[in-house]
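Contents: one structure, followed by commentary.
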Amino acid sequence: MVSLFGGVEEQIYALIIDAVFPQKHLVKVWVDDAKKREVFEHIRRVVLVRDAKEADMLFLYHEHKALQKCDDCIVFVGSYPLLLKTQKEAIGGFFWQKGRPNIIFLRKNLQARGIHLPKDFSKYIEDRP
Amino acid sequence: MRYILLFLIALTLYGKNLDALLQAYRSDSELSKITKIDSAGFVYVYTREELEKMQTYTLSDILRTIPGLNYTLSSNYLNLFSFVSTAYAPPNIARLYINDHDVTSASFGSALLIWGEMPVEYIDHIEVYKGSSSIEFGDESALIVIKVYTKLPDRELGNKLRIIADHRGSGGIDLYTAQLFEDSSLFGYLHGYNFNAKEHSRNGYTFSRDKKDFAAYVNYKTPDYSLEAAHYNLSKDPFLGYGRSAEPTGGGLHAHHSYVKLDTILWQTDFSLSLDKLRYARVYEDAVGIFTTRGKVNYYRIKFTDTIASLNFKKRIETRSNSLLLGGFYKYKGYESSGDFDGYRNSTSTHLSLFSLYGENSFYFDPTTLLILSLKGDFYRFAHNVKDHNEKTLRIGLIKNLGSWQLKSFYTDTYIPAQFFHLYSKDNVPLRTNPRLKFPHIQMFVLGGIYKADAHTFKLKGGAKKIENYITYHPARGFYNKKDNTYFSFAEFNYAYESGDNKVMLDIVKGDNSDKHVSPDLQINLRSFHSLGKLDIYNELLYKNGYDYTSRTVTIPVKRSLDYTLALRYHYSKDLILGFKAQNLFNTGFKQAYSSIDGALPVYERRFIANMEYTF
């Protein structure tokens, strides 16, 4: 379940991964930012991979070219501009906006991926065209 | 059945967990945790969250709550500090930095005369350092350092509109935008405010404190450099004016300050290049007259224009147990003054080149013991027969951590520079200047301890200060250095409780000085922050004891004061917040005594303020 130890940011990502992959024991993750990789290193269920093609989930902070590397990957982004660029593929993002941290999930992309988040995540799910 | 129950509980906890984690993440990520320099001295931090819950609108909303200081108004509507028990402190003991840029004027040595009530809607957090004179700030020294940091575009990312109005007909509007591009970011801000104050009067003369201001700010950042520009425009009514017996018939202040700053890193060294232009124009009109060296005048106009060009550099060299900061700056300060005193017109111009080199070494003897040694040399080269000065600042600090305790002590040997208006005037009108003035020399020692236990933090500190060559003014002599030394001492206790969304802060300060006690010598501040669902609640109780204000001609007794402010903020939706603030609700707040009216007037009036914040 959720990592009870470590920083708050790790706990947030752990909760998101738990919600997206409730059945998977280990989740392979690819991250395009060296500093953010350190956060994921401390999440118990996460295995960091070097090749994006091997990942179950991509966490993108800088550019969306990694999308081309992995057709089946589930994508989650770390900035609002990146969410706008990847809104056909990404299931959501965790980023600062309007002076506060936000989590957004895109309903259409969750449905396309067959991902059912727990009911209490519903406040974070948005409908976008 | 049991497992279904556990599963349902786990599902319920998911959402609530994420809410709580996001709130904790926001709190942990406060930018004040990054910029705060504990080794620089004793610091008071006002976080983003606190500024929002306090519904602060101007810098004075913050400065009036700093323990041990009175943020008050002089008779001619200047924002000045006094320490507990003392008279007004010289305007140049405090420096204000906006994103590490010093906005202090050259002519009168104070930032607060223009920026003292600057808008803070574009500010993320504020740090106030008292008695530190830390070299680490990399600029001119001061006894009070106020650092304000603007909001970051990568955290704001969007737009915000704030509208404010009060029951006296004041109104203000603030708008900012924060944008991220491929490799750069932009933050832009606009502000306008029309402030209506309660009018007081005596003998048919009206004392008005109305004012208007306008501010614009822009910050453009790339990975290689950061460019900032700002403009602040201020107009104020004359209040009591400048006459011995307050009978103002007109006048006021018009001032503006514009600056541009470029920051970059070259050869692993931080460089900052800036250019400031200030204009400060003051008119006094008084029926009885205003004293000048040419006798009394009924019309008094003076204008200062400052041009400041500055190049700062600093480099930090760090090893595991040692951090060495080396730096310096060059400043060119140009000063022009012109006046009109009942038709007698004059003008003056001069300039100063200020060179500075400094070093600060922080050494960890062991993981719990930090020794700080700092040395700074400042070299003043004036034009026009003003005596050149070579000054130094020496600072020794020790920080020791002992489990839940932390001990801090600092000894500082420093000075406060005289300003152009003290030093130079072609014809000694309106004031007699003194180009041979010595700079006041200050020695101070502060010792304090901090104890943390779970949600509770206790702090106790005390200190003493000796001032030599204090600058004062006599109509016959002009500006001169006092022969007698001035002494000041204080003791301060602080308590803070913080748990979840609740925070309570108590500050008690007692002060003493070797001159007369002409302001409250005991202050008690109690502030609390709470959040209940969608409602934020802020309480502020500022107590000051009574005092006798004594000048050459009068003694004015002033009763003790209790200033209570309540601020309520309702989160109507994610993007819309409605706020209500009652300032000095019981109308028993602090009163400043003025010899020109042989009485006292409230510094902060009772005021009911509504505001709306909308992000989009």
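In the structure tokens, chains take letters A, B, ... by order of appearance, with residues numbered from 1 within each chain and ligands from 1 in the order shown.
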
Q: Could you please tell me, as an NGL selection string, which residues of chain A have an atom within 12 Å of chain B when using only C-alpha atoms?
A: :A and (1-4 or 7-19 or 22 or 62-63 or 78-82 or 85 or 94-103 or 117-125)

Requested write-out: C-alpha atoms of the selected residues, as a PDB file, in the first residue's frame:
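Result written to out-v7.pdb:
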```
ATOM      1  CA  MET A   1       0.000   0.000   0.000  1.00  0.00           C
ATOM      2  CA  VAL A   2       1.094   3.560   0.592  1.00  0.00           C
ATOM      3  CA  SER A   3       4.627   4.205   1.725  1.00  0.00           C
ATOM      4  CA  LEU A   4       4.300   5.393   5.311  1.00  0.00           C
ATOM      5  CA  GLY A   7       8.960  12.730   2.359  1.00  0.00           C
ATOM      6  CA  VAL A   8       5.530  14.099   1.608  1.00  0.00           C
ATOM      7  CA  GLU A   9       6.189  14.219  -2.128  1.00  0.00           C
ATOM      8  CA  GLU A  10       7.079  10.509  -2.146  1.00  0.00           C
ATOM      9  CA  GLN A  11       3.873   9.728  -0.315  1.00  0.00           C
ATOM     10  CA  ILE A  12       1.830  11.625  -2.883  1.00  0.00           C
ATOM     11  CA  TYR A  13       3.374   9.744  -5.800  1.00  0.00           C
ATOM     12  CA  ALA A  14       3.030   6.461  -3.917  1.00  0.00           C
ATOM     13  CA  LEU A  15      -0.680   7.114  -3.419  1.00  0.00           C
ATOM     14  CA  ILE A  16      -1.108   7.902  -7.125  1.00  0.00           C
ATOM     15  CA  ILE A  17       0.730   4.745  -8.178  1.00  0.00           C
ATOM     16  CA  ASP A  18      -1.347   2.677  -5.742  1.00  0.00           C
ATOM     17  CA  ALA A  19      -4.527   4.113  -7.214  1.00  0.00           C
ATOM     18  CA  PRO A  22      -3.946  -1.424  -7.313  1.00  0.00           C
ATOM     19  CA  HIS A  62      10.480  18.366 -19.365  1.00  0.00           C
ATOM     20  CA  GLU A  63       9.462  17.130 -22.758  1.00  0.00           C
ATOM     21  CA  GLY A  78       4.815  17.329 -13.701  1.00  0.00           C
ATOM     22  CA  SER A  79       3.755  20.678 -15.152  1.00  0.00           C
ATOM     23  CA  TYR A  80       0.604  22.281 -16.476  1.00  0.00           C
ATOM     24  CA  PRO A  81       2.111  23.344 -19.854  1.00  0.00           C
ATOM     25  CA  LEU A  82       3.200  19.725 -20.357  1.00  0.00           C
ATOM     26  CA  LYS A  85       0.779  19.350 -24.755  1.00  0.00           C
ATOM     27  CA  PHE A  94       0.897  16.837 -10.322  1.00  0.00           C
ATOM     28  CA  PHE A  95       2.146  20.448 -10.476  1.00  0.00           C
ATOM     29  CA  TRP A  96       2.012  23.908  -8.986  1.00  0.00           C
ATOM     30  CA  GLN A  97      -0.584  26.286 -10.298  1.00  0.00           C
ATOM     31  CA  LYS A  98      -2.144  29.462  -8.862  1.00  0.00           C
ATOM     32  CA  GLY A  99       0.197  29.276  -5.902  1.00  0.00           C
ATOM     33  CA  ARG A 100      -0.800  25.809  -4.746  1.00  0.00           C
ATOM     34  CA  PRO A 101       0.015  22.183  -5.612  1.00  0.00           C
ATOM     35  CA  ASN A 102      -2.616  20.529  -7.823  1.00  0.00           C
ATOM     36  CA  ILE A 103      -3.407  16.985  -8.928  1.00  0.00           C
ATOM     37  CA  LEU A 117      -9.497   5.288  -9.668  1.00  0.00           C
ATOM     38  CA  PRO A 118     -10.961   4.990  -6.157  1.00  0.00           C
ATOM     39  CA  LYS A 119     -14.145   7.033  -5.643  1.00  0.00           C
ATOM     40  CA  ASP A 120     -12.423   9.536  -3.398  1.00  0.00           C
ATOM     41  CA  PHE A 121     -10.184  10.567  -6.262  1.00  0.00           C
ATOM     42  CA  SER A 122     -13.236  11.820  -8.133  1.00  0.00           C
ATOM     43  CA  LYS A 123     -12.625  15.436  -7.019  1.00  0.00           C
ATOM     44  CA  TYR A 124      -9.320  15.356  -8.919  1.00  0.00           C
ATOM     45  CA  ILE A 125     -10.801  14.047 -12.172  1.00  0.00           C
TER      46      ILE A 125
END
```

Q: Per DSSP on the backbone, filter segment 23-65 of chain A down to the residues in strand (DSSP E) and report them as a list of chain:residue names.
A: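 Filtering segment 23-65 of chain A down to strand (DSSP E) leaves A:Val27, A:Lys28, A:Val29, A:Trp30, A:Val31, A:Val46, A:Val47, A:Leu48, A:Met57, A:Leu58, A:Phe59, A:Leu60.
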
Give me a file of those residues, with N, CA and C atoms, as an mmCIF file, in the first residue's frame.
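Produced file part_4.cif, reproduced below:
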```cif
data_model
loop_
_atom_site.group_PDB
_atom_site.id
_atom_site.type_symbol
_atom_site.label_atom_id
_atom_site.label_comp_id
_atom_site.auth_asym_id
_atom_site.auth_seq_id
_atom_site.Cartn_x
_atom_site.Cartn_y
_atom_site.Cartn_z
ATOM 1 N N VAL A 27 5.812 -1.771 -9.778
ATOM 2 C CA VAL A 27 5.477 -0.921 -10.924
ATOM 3 C C VAL A 27 6.768 -0.362 -11.506
ATOM 4 N N LYS A 28 6.967 -0.577 -12.805
ATOM 5 C CA LYS A 28 8.185 -0.070 -13.452
ATOM 6 C C LYS A 28 7.941 1.363 -13.890
ATOM 7 N N VAL A 29 8.856 2.245 -13.484
ATOM 8 C CA VAL A 29 8.658 3.681 -13.705
ATOM 9 C C VAL A 29 9.866 4.268 -14.422
ATOM 10 N N TRP A 30 9.584 5.165 -15.394
ATOM 11 C CA TRP A 30 10.648 5.907 -16.069
ATOM 12 C C TRP A 30 10.415 7.395 -15.813
ATOM 13 N N VAL A 31 11.516 8.109 -15.427
ATOM 14 C CA VAL A 31 11.399 9.531 -15.063
ATOM 15 C C VAL A 31 12.405 10.317 -15.887
ATOM 16 N N VAL A 46 8.038 0.816 -6.414
ATOM 17 C CA VAL A 46 8.536 1.330 -7.689
ATOM 18 C C VAL A 46 9.884 0.717 -8.041
ATOM 19 N N VAL A 47 10.014 0.334 -9.325
ATOM 20 C CA VAL A 47 11.308 -0.062 -9.878
ATOM 21 C C VAL A 47 11.618 0.935 -10.996
ATOM 22 N N LEU A 48 12.717 1.626 -10.856
ATOM 23 C CA LEU A 48 13.076 2.612 -11.878
ATOM 24 C C LEU A 48 13.771 1.912 -13.046
ATOM 25 N N MET A 57 4.823 3.032 -16.358
ATOM 26 C CA MET A 57 4.341 4.412 -16.201
ATOM 27 C C MET A 57 5.488 5.390 -16.448
ATOM 28 N N LEU A 58 5.228 6.415 -17.238
ATOM 29 C CA LEU A 58 6.215 7.477 -17.489
ATOM 30 C C LEU A 58 5.830 8.705 -16.671
ATOM 31 N N PHE A 59 6.822 9.262 -15.957
ATOM 32 C CA PHE A 59 6.616 10.545 -15.277
ATOM 33 C C PHE A 59 7.463 11.575 -16.017
ATOM 34 N N LEU A 60 6.784 12.513 -16.693
ATOM 35 C CA LEU A 60 7.481 13.481 -17.554
ATOM 36 C C LEU A 60 7.455 14.868 -16.928
#
```

Q. Quick one: distance from atom CA of Thr414 of chain B to atom CA of Tyr88 of chain B in Å, one decimal?
A.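 Separation of atom CA of Thr414 of chain B and atom CA of Tyr88 of chain B: 19.9 Å.
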
(Q) Need to verify the contact set: Asn109 of chain A, 8 Å, only C-alpha atoms, exclusion of same-chain residues closer than 3 positions in sequence. Can you return it as a PyMOL selection string? (A) chain A and resi 88-91+106+112-113

(Q) Quick one: residues within 8 Å of Asn587 of chain B, only C-alpha atoms, excluding same-chain residues fewer than 5 positions away - as a list in words? (A) Asp563, Glu605 and Arg606 of chain B

Q) Nearest to Lys483 of chain B among B:Gly251, B:Pro440, B:Gly397, B:Gly500, with distances taken over only C-alpha atoms: which residue is it? A) B:Pro440

Q: Go ahead and compute the interatomic distance for atom CA of Val509 of chain B and atom CA of Ala87 of chain B, in Å to one decimal.
A: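 Interatomic distance here is 16.4 Å.
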
Q) Which of these, B:Glu127, B:Asp286, B:Asp521, B:Asp515, has the shortest distance to Ile66 of chain B once you count only C-alpha atoms? A) B:Glu127
